[in-house]
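*Asks:* Next up, run.cif (mmCIF, C-alpha atoms and all ligand atoms; chains and numbers go by the auth columns).
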```cif
data_start
#
loop_
_atom_site.group_PDB
_atom_site.id
_atom_site.type_symbol
_atom_site.label_atom_id
_atom_site.label_comp_id
_atom_site.label_asym_id
_atom_site.label_seq_id
_atom_site.Cartn_x
_atom_site.Cartn_y
_atom_site.Cartn_z
_atom_site.B_iso_or_equiv
_atom_site.auth_seq_id
_atom_site.auth_asym_id
ATOM 1 C CA MET A 1 11.782 26.174 -0.396 0.00 11 A
ATOM 2 C CA VAL A 2 11.764 24.064 -3.520 0.00 12 A
ATOM 3 C CA HIS A 3 9.284 24.235 -6.362 0.00 13 A
ATOM 4 C CA ILE A 4 8.559 21.797 -9.160 0.00 14 A
ATOM 5 C CA ARG A 5 8.366 23.022 -12.739 0.00 15 A
ATOM 6 C CA ALA A 6 8.832 21.759 -16.284 0.00 16 A
ATOM 7 C CA MET A 7 12.485 21.456 -17.251 0.00 17 A
ATOM 8 C CA ALA A 8 13.782 24.127 -19.637 0.00 18 A
ATOM 9 C CA LYS A 9 16.786 24.325 -21.947 0.00 19 A
ATOM 10 C CA ASN A 10 18.845 26.302 -19.478 0.00 20 A
ATOM 11 C CA ASP A 11 18.496 23.491 -16.902 0.00 21 A
ATOM 12 C CA ILE A 12 20.339 21.021 -19.133 0.00 22 A
ATOM 13 C CA ALA A 13 23.820 21.551 -17.687 0.00 23 A
ATOM 14 C CA ALA A 14 22.590 21.296 -14.086 0.00 24 A
ATOM 15 C CA VAL A 15 20.491 18.196 -14.802 0.00 25 A
ATOM 16 C CA SER A 16 23.378 16.514 -16.622 0.00 26 A
ATOM 17 C CA ARG A 17 25.567 17.165 -13.571 0.00 27 A
ATOM 18 C CA LEU A 18 22.908 15.953 -11.136 0.00 28 A
ATOM 19 C CA LEU A 19 22.417 12.734 -13.120 0.00 29 A
ATOM 20 C CA GLY A 20 26.164 12.095 -13.338 0.00 30 A
ATOM 21 C CA GLN A 21 26.586 12.503 -9.601 0.00 31 A
ATOM 22 C CA SER A 22 23.461 10.567 -8.674 0.00 32 A
ATOM 23 C CA TRP A 23 24.350 7.646 -10.945 0.00 33 A
ATOM 24 C CA ARG A 24 27.888 7.446 -9.604 0.00 34 A
ATOM 25 C CA ARG A 25 26.697 7.563 -6.002 0.00 35 A
ATOM 26 C CA THR A 26 23.795 5.159 -6.430 0.00 36 A
ATOM 27 C CA TYR A 27 25.112 2.591 -8.877 0.00 37 A
ATOM 28 C CA SER A 28 28.871 2.401 -8.277 0.00 38 A
ATOM 29 C CA PRO A 29 28.387 0.042 -5.305 0.00 39 A
ATOM 30 C CA ILE A 30 26.180 -2.159 -7.492 0.00 40 A
ATOM 31 C CA MET A 31 27.930 -2.214 -10.882 0.00 41 A
ATOM 32 C CA GLY A 32 31.319 -0.622 -10.333 0.00 42 A
ATOM 33 C CA GLU A 33 32.652 2.878 -10.947 0.00 43 A
ATOM 34 C CA ASP A 34 33.919 2.353 -14.497 0.00 44 A
ATOM 35 C CA THR A 35 30.667 0.935 -15.850 0.00 45 A
ATOM 36 C CA VAL A 36 28.666 3.674 -14.199 0.00 46 A
ATOM 37 C CA ALA A 37 30.931 6.442 -15.503 0.00 47 A
ATOM 38 C CA ARG A 38 30.792 5.061 -19.050 0.00 48 A
ATOM 39 C CA LEU A 39 27.016 4.646 -19.054 0.00 49 A
ATOM 40 C CA SER A 40 26.303 7.954 -17.398 0.00 50 A
ATOM 41 C CA ASP A 41 28.648 9.987 -19.607 0.00 51 A
ATOM 42 C CA GLU A 42 26.936 8.482 -22.633 0.00 52 A
ATOM 43 C CA LYS A 43 23.305 8.717 -21.489 0.00 53 A
ATOM 44 C CA HIS A 44 23.387 12.055 -19.727 0.00 54 A
ATOM 45 C CA ALA A 45 25.411 14.121 -22.170 0.00 55 A
ATOM 46 C CA PRO A 46 23.834 17.574 -22.611 0.00 56 A
ATOM 47 C CA GLU A 47 23.012 16.889 -26.276 0.00 57 A
ATOM 48 C CA LYS A 48 21.086 13.734 -25.281 0.00 58 A
ATOM 49 C CA LEU A 49 19.112 15.684 -22.693 0.00 59 A
ATOM 50 C CA ALA A 50 18.428 18.439 -25.240 0.00 60 A
ATOM 51 C CA ALA A 51 17.022 15.850 -27.670 0.00 61 A
ATOM 52 C CA GLU A 52 14.790 14.452 -24.917 0.00 62 A
ATOM 53 C CA LEU A 53 13.499 17.936 -24.122 0.00 63 A
ATOM 54 C CA ALA A 54 12.543 18.416 -27.755 0.00 64 A
ATOM 55 C CA ASP A 55 10.688 15.062 -27.830 0.00 65 A
ATOM 56 C CA ASP A 56 6.941 15.556 -27.268 0.00 66 A
ATOM 57 C CA ASP A 57 6.615 12.020 -25.898 0.00 67 A
ATOM 58 C CA LYS A 58 8.994 12.796 -23.024 0.00 68 A
ATOM 59 C CA MET A 59 8.134 15.019 -20.072 0.00 69 A
ATOM 60 C CA SER A 60 10.875 16.338 -17.814 0.00 70 A
ATOM 61 C CA PHE A 61 10.507 18.155 -14.519 0.00 71 A
ATOM 62 C CA VAL A 62 12.953 19.792 -12.143 0.00 72 A
ATOM 63 C CA ALA A 63 12.791 20.728 -8.477 0.00 73 A
ATOM 64 C CA GLU A 64 14.292 24.214 -8.167 0.00 74 A
ATOM 65 C CA ARG A 65 15.480 25.815 -4.954 0.00 75 A
ATOM 66 C CA THR A 66 14.828 29.505 -4.343 0.00 76 A
ATOM 67 C CA ASP A 67 18.478 30.248 -5.201 0.00 77 A
ATOM 68 C CA GLY A 68 17.886 28.747 -8.675 0.00 78 A
ATOM 69 C CA SER A 69 19.849 25.548 -8.067 0.00 79 A
ATOM 70 C CA ILE A 70 18.367 22.207 -9.126 0.00 80 A
ATOM 71 C CA ALA A 71 17.677 19.718 -6.321 0.00 81 A
ATOM 72 C CA GLY A 72 15.812 17.036 -8.247 0.00 82 A
ATOM 73 C CA TYR A 73 14.697 15.844 -11.647 0.00 83 A
ATOM 74 C CA ALA A 74 12.204 13.411 -13.168 0.00 84 A
ATOM 75 C CA MET A 75 11.556 12.272 -16.726 0.00 85 A
ATOM 76 C CA ALA A 76 8.753 10.089 -18.056 0.00 86 A
ATOM 77 C CA ALA A 77 8.231 8.781 -21.576 0.00 87 A
ATOM 78 C CA MET A 78 5.110 7.603 -23.399 0.00 88 A
ATOM 79 C CA ASP A 79 5.469 4.832 -25.981 0.00 89 A
ATOM 80 C CA GLY A 80 3.411 4.277 -29.133 0.00 90 A
ATOM 81 C CA ASN A 81 0.787 2.322 -27.167 0.00 91 A
ATOM 82 C CA GLY A 82 0.283 5.141 -24.684 0.00 92 A
ATOM 83 C CA ASP A 83 2.107 3.263 -21.923 0.00 93 A
ATOM 84 C CA VAL A 84 4.010 5.662 -19.655 0.00 94 A
ATOM 85 C CA THR A 85 7.320 4.814 -18.014 0.00 95 A
ATOM 86 C CA LEU A 86 8.977 6.849 -15.303 0.00 96 A
ATOM 87 C CA ASN A 87 12.476 6.701 -16.775 0.00 97 A
ATOM 88 C CA ARG A 88 14.323 8.823 -14.235 0.00 98 A
ATOM 89 C CA LEU A 89 13.790 10.163 -10.735 0.00 99 A
ATOM 90 C CA HIS A 90 16.762 11.678 -8.928 0.00 100 A
ATOM 91 C CA VAL A 91 17.010 13.894 -5.881 0.00 101 A
ATOM 92 C CA GLU A 92 20.136 15.339 -4.313 0.00 102 A
ATOM 93 C CA PRO A 93 20.999 13.459 -1.084 0.00 103 A
ATOM 94 C CA ALA A 94 20.703 16.671 0.957 0.00 104 A
ATOM 95 C CA GLU A 95 17.005 16.570 0.092 0.00 105 A
ATOM 96 C CA PHE A 96 16.364 12.868 0.684 0.00 106 A
ATOM 97 C CA GLY A 97 13.341 12.270 2.880 0.00 107 A
ATOM 98 C CA MET A 98 11.982 15.802 2.312 0.00 108 A
ATOM 99 C CA GLY A 99 9.096 14.893 0.030 0.00 109 A
ATOM 100 C CA LEU A 100 10.715 16.213 -3.126 0.00 110 A
ATOM 101 C CA ALA A 101 10.699 12.869 -4.882 0.00 111 A
ATOM 102 C CA VAL A 102 6.981 12.402 -4.365 0.00 112 A
ATOM 103 C CA ASP A 103 6.336 15.970 -5.533 0.00 113 A
ATOM 104 C CA LEU A 104 8.235 15.160 -8.744 0.00 114 A
ATOM 105 C CA LEU A 105 6.284 11.905 -9.103 0.00 115 A
ATOM 106 C CA HIS A 106 3.018 13.811 -8.675 0.00 116 A
ATOM 107 C CA ALA A 107 4.068 16.313 -11.355 0.00 117 A
ATOM 108 C CA VAL A 108 4.673 13.417 -13.735 0.00 118 A
ATOM 109 C CA LEU A 109 1.291 11.852 -12.888 0.00 119 A
ATOM 110 C CA ALA A 110 -0.542 15.176 -13.241 0.00 120 A
ATOM 111 C CA ALA A 111 0.997 15.665 -16.684 0.00 121 A
ATOM 112 C CA HIS A 112 -0.393 12.288 -17.753 0.00 122 A
ATOM 113 C CA ALA A 113 -3.848 12.505 -16.207 0.00 123 A
ATOM 114 C CA GLY A 114 -6.105 9.649 -17.320 0.00 124 A
ATOM 115 C CA ILE A 115 -3.458 6.963 -17.863 0.00 125 A
ATOM 116 C CA PRO A 116 -4.393 3.615 -16.261 0.00 126 A
ATOM 117 C CA SER A 117 -0.939 2.891 -14.814 0.00 127 A
ATOM 118 C CA ILE A 118 2.700 3.935 -14.778 0.00 128 A
ATOM 119 C CA ALA A 119 5.712 1.617 -14.876 0.00 129 A
ATOM 120 C CA LEU A 120 9.412 1.901 -14.124 0.00 130 A
ATOM 121 C CA GLU A 121 12.590 -0.152 -14.064 0.00 131 A
ATOM 122 C CA VAL A 122 14.836 -0.159 -11.027 0.00 132 A
ATOM 123 C CA ILE A 123 18.126 -2.003 -10.617 0.00 133 A
ATOM 124 C CA GLU A 124 17.962 -4.735 -7.992 0.00 134 A
ATOM 125 C CA GLY A 125 19.977 -3.585 -4.986 0.00 135 A
ATOM 126 C CA ASN A 126 18.806 0.028 -5.190 0.00 136 A
ATOM 127 C CA ASP A 127 16.917 -0.562 -1.974 0.00 137 A
ATOM 128 C CA ARG A 128 16.128 3.039 -1.085 0.00 138 A
ATOM 129 C CA ALA A 129 14.488 3.625 -4.464 0.00 139 A
ATOM 130 C CA ILE A 130 12.579 0.330 -4.276 0.00 140 A
ATOM 131 C CA ALA A 131 11.317 1.253 -0.784 0.00 141 A
ATOM 132 C CA PHE A 132 10.288 4.673 -2.071 0.00 142 A
ATOM 133 C CA TYR A 133 8.348 3.193 -4.978 0.00 143 A
ATOM 134 C CA ARG A 134 6.629 0.575 -2.794 0.00 144 A
ATOM 135 C CA LYS A 135 5.626 3.317 -0.364 0.00 145 A
ATOM 136 C CA HIS A 136 3.977 5.118 -3.274 0.00 146 A
ATOM 137 C CA GLY A 137 1.929 2.228 -4.601 0.00 147 A
ATOM 138 C CA PHE A 138 4.279 0.540 -7.069 0.00 148 A
ATOM 139 C CA GLU A 139 4.451 -3.241 -7.080 0.00 149 A
ATOM 140 C CA VAL A 140 7.003 -5.530 -8.669 0.00 150 A
ATOM 141 C CA VAL A 141 5.496 -7.099 -11.790 0.00 151 A
ATOM 142 C CA GLU A 142 8.611 -8.596 -13.363 0.00 152 A
ATOM 143 C CA ARG A 143 12.285 -9.330 -12.727 0.00 153 A
ATOM 144 C CA ARG A 144 14.563 -9.385 -15.754 0.00 154 A
ATOM 145 C CA PRO A 145 18.090 -8.653 -16.934 0.00 155 A
ATOM 146 C CA ALA A 146 18.712 -4.933 -16.685 0.00 156 A
ATOM 147 C CA ALA A 147 18.242 -2.895 -19.846 0.00 157 A
ATOM 148 C CA HIS A 148 20.383 -0.036 -21.150 0.00 158 A
ATOM 149 C CA GLY A 149 23.668 -1.885 -21.395 0.00 159 A
ATOM 150 C CA VAL A 150 23.807 -2.662 -17.673 0.00 160 A
ATOM 151 C CA GLY A 151 25.031 -6.182 -18.392 0.00 161 A
ATOM 152 C CA GLY A 152 25.008 -8.835 -15.701 0.00 162 A
ATOM 153 C CA HIS A 153 22.532 -7.137 -13.403 0.00 163 A
ATOM 154 C CA ALA A 154 18.892 -7.774 -12.715 0.00 164 A
ATOM 155 C CA SER A 155 16.251 -5.144 -12.638 0.00 165 A
ATOM 156 C CA LEU A 156 12.736 -5.024 -11.326 0.00 166 A
ATOM 157 C CA ILE A 157 9.832 -3.716 -13.333 0.00 167 A
ATOM 158 C CA MET A 158 7.393 -2.006 -11.000 0.00 168 A
ATOM 159 C CA ARG A 159 3.955 -0.699 -11.887 0.00 169 A
ATOM 160 C CA ARG A 160 1.448 1.481 -10.098 0.00 170 A
ATOM 161 C CA LEU A 161 -2.206 1.299 -11.079 0.00 171 A
ATOM 162 C CA LEU A 162 -3.925 4.667 -11.158 0.00 172 A
ATOM 163 C CA PRO A 163 -7.580 5.325 -10.358 0.00 173 A
ATOM 164 C CA MET A 164 -9.598 6.025 -13.467 0.00 174 A
ATOM 165 C CA ALA A 165 -11.452 9.365 -13.498 0.00 175 A
HETATM 166 C C1 LIG B . 14.845 7.295 -5.112 0.00 201 B
HETATM 167 C C2 LIG B . 14.719 8.679 -4.525 0.00 201 B
HETATM 168 C C3 LIG B . 14.224 9.642 -5.617 0.00 201 B
HETATM 169 C C4 LIG B . 13.666 8.633 -3.410 0.00 201 B
HETATM 170 O O1 LIG B . 13.599 9.886 -2.783 0.00 201 B
HETATM 171 P P1 LIG B . 13.792 9.980 -1.181 0.00 201 B
HETATM 172 O O2 LIG B . 13.550 11.388 -0.788 0.00 201 B
HETATM 173 O O3 LIG B . 15.088 9.362 -0.839 0.00 201 B
HETATM 174 O O4 LIG B . 12.587 9.025 -0.720 0.00 201 B
HETATM 175 P P2 LIG B . 11.948 8.864 0.724 0.00 201 B
HETATM 176 O O5 LIG B . 12.930 9.283 1.784 0.00 201 B
HETATM 177 O O6 LIG B . 10.616 9.514 0.711 0.00 201 B
HETATM 178 O O7 LIG B . 11.707 7.296 0.768 0.00 201 B
HETATM 179 C C5 LIG B . 12.765 6.384 0.845 0.00 201 B
HETATM 180 C C6 LIG B . 12.410 5.303 1.815 0.00 201 B
HETATM 181 O O8 LIG B . 13.427 4.292 1.783 0.00 201 B
HETATM 182 C C7 LIG B . 13.851 4.012 3.098 0.00 201 B
HETATM 183 N N1 LIG B . 15.246 3.561 2.977 0.00 201 B
HETATM 184 C C8 LIG B . 16.368 4.284 3.016 0.00 201 B
HETATM 185 N N2 LIG B . 17.434 3.515 2.802 0.00 201 B
HETATM 186 C C9 LIG B . 16.961 2.248 2.635 0.00 201 B
HETATM 187 C C10 LIG B . 17.581 0.987 2.406 0.00 201 B
HETATM 188 N N3 LIG B . 18.901 0.875 2.277 0.00 201 B
HETATM 189 N N4 LIG B . 16.773 -0.097 2.281 0.00 201 B
HETATM 190 C C11 LIG B . 15.441 -0.003 2.380 0.00 201 B
HETATM 191 N N5 LIG B . 14.796 1.182 2.613 0.00 201 B
HETATM 192 C C12 LIG B . 15.558 2.275 2.731 0.00 201 B
HETATM 193 C C13 LIG B . 13.667 5.306 3.839 0.00 201 B
HETATM 194 O O9 LIG B . 13.606 5.097 5.219 0.00 201 B
HETATM 195 C C14 LIG B . 12.335 5.788 3.252 0.00 201 B
HETATM 196 O O10 LIG B . 11.237 5.120 3.825 0.00 201 B
HETATM 197 P P3 LIG B . 10.351 5.811 5.017 0.00 201 B
HETATM 198 O O11 LIG B . 9.831 7.090 4.468 0.00 201 B
HETATM 199 O O12 LIG B . 9.300 4.785 5.291 0.00 201 B
HETATM 200 O O13 LIG B . 11.310 6.029 6.154 0.00 201 B
HETATM 201 C C15 LIG B . 16.081 9.198 -3.970 0.00 201 B
HETATM 202 O O14 LIG B . 16.503 8.384 -2.901 0.00 201 B
HETATM 203 C C16 LIG B . 17.184 9.247 -5.028 0.00 201 B
HETATM 204 O O15 LIG B . 17.291 10.227 -5.768 0.00 201 B
HETATM 205 N N6 LIG B . 18.011 8.210 -5.077 0.00 201 B
HETATM 206 C C17 LIG B . 19.135 8.162 -6.026 0.00 201 B
HETATM 207 C C18 LIG B . 18.667 8.022 -7.451 0.00 201 B
HETATM 208 C C19 LIG B . 17.801 6.810 -7.686 0.00 201 B
HETATM 209 O O16 LIG B . 18.097 5.710 -7.223 0.00 201 B
HETATM 210 N N7 LIG B . 16.709 7.012 -8.427 0.00 201 B
HETATM 211 C C20 LIG B . 15.811 5.948 -8.770 0.00 201 B
HETATM 212 C C21 LIG B . 16.212 5.360 -10.065 0.00 201 B
HETATM 213 S S1 LIG B . 15.093 4.066 -10.557 0.00 201 B
#
```
Let me see the structure of the file written as structure tokens.
Ligand SMILES: CC(C)(COP(=O)(O)OP(=O)(O)OC[C@H]1O[C@@H](n2cnc3c(N)ncnc32)[C@H](O)[C@@H]1OP(=O)(O)O)[C@@H](O)C(=O)NCCC(=O)NCCS
*Replies:*
Amino acid sequence: MVHIRAMAKNDIAAVSRLLGQSWRRTYSPIMGEDTVARLSDEKHAPEKLAAELADDDKMSFVAERTDGSIAGYAMAAMDGNGDVTLNRLHVEPAEFGMGLAVDLLHAVLAAHAGIPSIALEVIEGNDRAIAFYRKHGFEVVERRPAAHGVGGHASLIMRRLLPMA
């Protein structure tokens, strides 16, 4: 059994580890091991995650197994215009295809009830993630050079419109 809850301070080490492993596994074939290691070590350092947790405009969720281990994580951020971006969604491979990712997505959406849409950026070539997002109502709205220092790669901006209450 896995349950979704808001991330807490004592999840930081586990989430940092999960992100480091997931980035290396997912992006090394696309952008090379060295680039991925550099970017991930910088972005997913525990102090960075702690700052995100303390930021009221960012919402982080974890999927916790009954033994207390963390099997998945999602983080969404709201900008000054109220536009929400799903910045991260990562599930351990042992749990792929088990519905955990959509449960995390639903937790993010429930926490932002009333928003008209949600966007995300996904690196071109991350076909499993793109298939997942398409399956859950996201459509490609733009293709552009990848952000976050991922030089030389393209990314897709996907957006899902949400029914208004
Ligand atoms: C993205 C992620 C959260 C999705 O969760 P998941 O449990 O794997 O998602 P699902 O299994 O429900 O959906 C993936 C779909 O892609 C399909 N798929 C798998 N590999 C694929 C490939 N190489 N090309 C196209 N589709 C693929 C699966 O068959 C499945 O579709 P189906 O349900 O119709 O069979 C998870 O794969 C993950 O953590 N990936 C690594 C991190 C990552 O890339 N995060 C996204 C960053 S933007």
*Asks:* Mind telling me what the PyMOL selection byres (((chain A and resi 83-94) around 8) and not hetatm) catches here, as a ChimeraX atom specification?
*Replies:* /A:25,67-73,80-82,95-101,114-115,118,125,127-129
*Asks:* My list of candidates is A:Lys19, A:Arg138, A:His163, A:Arg154. Which is closest to A:Lys58 when distances are computed with all atoms listed in the file?
*Replies:*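 The closest residue to A:Lys58 is A:Lys19.
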*Asks:* Just the number, please: distance in Å from atom N4 of ligand LIG 201 (chain B) to atom CA of A:Glu152, one decimal.
*Replies:*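 Separation of atom N4 of ligand LIG 201 (chain B) and atom CA of A:Glu152: 19.6 Å.
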*Asks:* Would you write out, as a list in words, every residue that the PyMOL selection byres (((chain A and resi 27) around 12) and not hetatm) captures in this file?
*Replies:*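 Applying the expression gives Asp21, Ile22, Ala23, Ala24, Val25, Ser26, Leu28, Leu29, Gly30, Gln31, Ser32, Trp33, Arg34, Ser50, Asp51, Lys53, His54, Ala55, Pro56, Leu59, Ser79, Ile80, Ala81, Gly82, Tyr83, His100, Val101 and Glu102 of chain A.
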*Asks:* Could you tell me how far atom CA of A:Ala156 lies from atom CA of A:Tyr37, in Å and to one decimal?
*Replies:*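 Between atom CA of A:Ala156 and atom CA of A:Tyr37 the gap works out to 12.6 Å.
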*Asks:* Which is closest to A:Thr76 among A:Ile14, A:Ala164, A:Val150, A:Ala139, if we use all atoms listed in the file?
*Replies:* A:Ile14
*Asks:* Let me have the centre and edge lengths of the axis-aligned box enclosing all listed atoms of ligand LIG 201 (chain B) with 5 Å padding on every side, in Å to one decimal, as AutoDock Vina command-line options.
*Replies:*
```
--center_x 14.2 --center_y 5.6 --center_z -2.2 --size_x 19.8 --size_y 21.5 --size_z 26.7
```
*Asks:* Have a look at A:Arg144, A:His13, A:His122, A:Arg48 and name the one nearest to ligand LIG 201 (chain B); count only C-alpha atoms and all ligand atoms.
*Replies:*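 For ligand LIG 201 (chain B), the nearest of the candidates is A:Arg144.
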*Asks:* Looking at all atoms listed in the file, which of A:Ala141, A:Ala121, A:Ala60, A:Met11 is the one that sits closest to ligand LIG 201 (chain B)?
*Replies:*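 Smallest separation from ligand LIG 201 (chain B) among the options: A:Ala141.
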*Asks:* Counting only C-alpha atoms, figure out which residue out of A:Thr45, A:Asn20, A:Asp65, A:Phe142 gets nearest to A:Phe106.
*Replies:*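 Of A:Thr45, A:Asn20, A:Asp65, A:Phe142, the one nearest A:Phe106 is A:Phe142, counting only C-alpha atoms.
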*Asks:* Please measure the separation of atom CA of A:Arg15 and atom CA of A:Gly109, giving the value in Å to one decimal.
*Replies:*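 Between atom CA of A:Arg15 and atom CA of A:Gly109 the gap works out to 15.2 Å.
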*Asks:* Restricting the calculation to only C-alpha atoms and all ligand atoms, which member of A:His116, A:Arg170, A:Arg35, A:Arg75 is positioned closest to ligand LIG 201 (chain B)?
*Replies:*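 When distances to ligand LIG 201 (chain B) are compared using only C-alpha atoms and all ligand atoms, the smallest one comes from A:Arg35.
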*Asks:* How would you write, as a ChimeraX atom specification, the residues chosen by the PyMOL selection byres (((chain A and resi 174) around 12) and not hetatm) on this structure?
*Replies:* /A:122-127,171-173,175
*Asks:* Can you list, as a PyMOL selection string, every protein, DNA or RNA residue that comes within 7 Å of A:Ile167 when you count all atoms listed in the file, leaving out same-chain residues fewer than 2 positions away?
*Replies:* chain A and resi 129-132+150-153+165+169
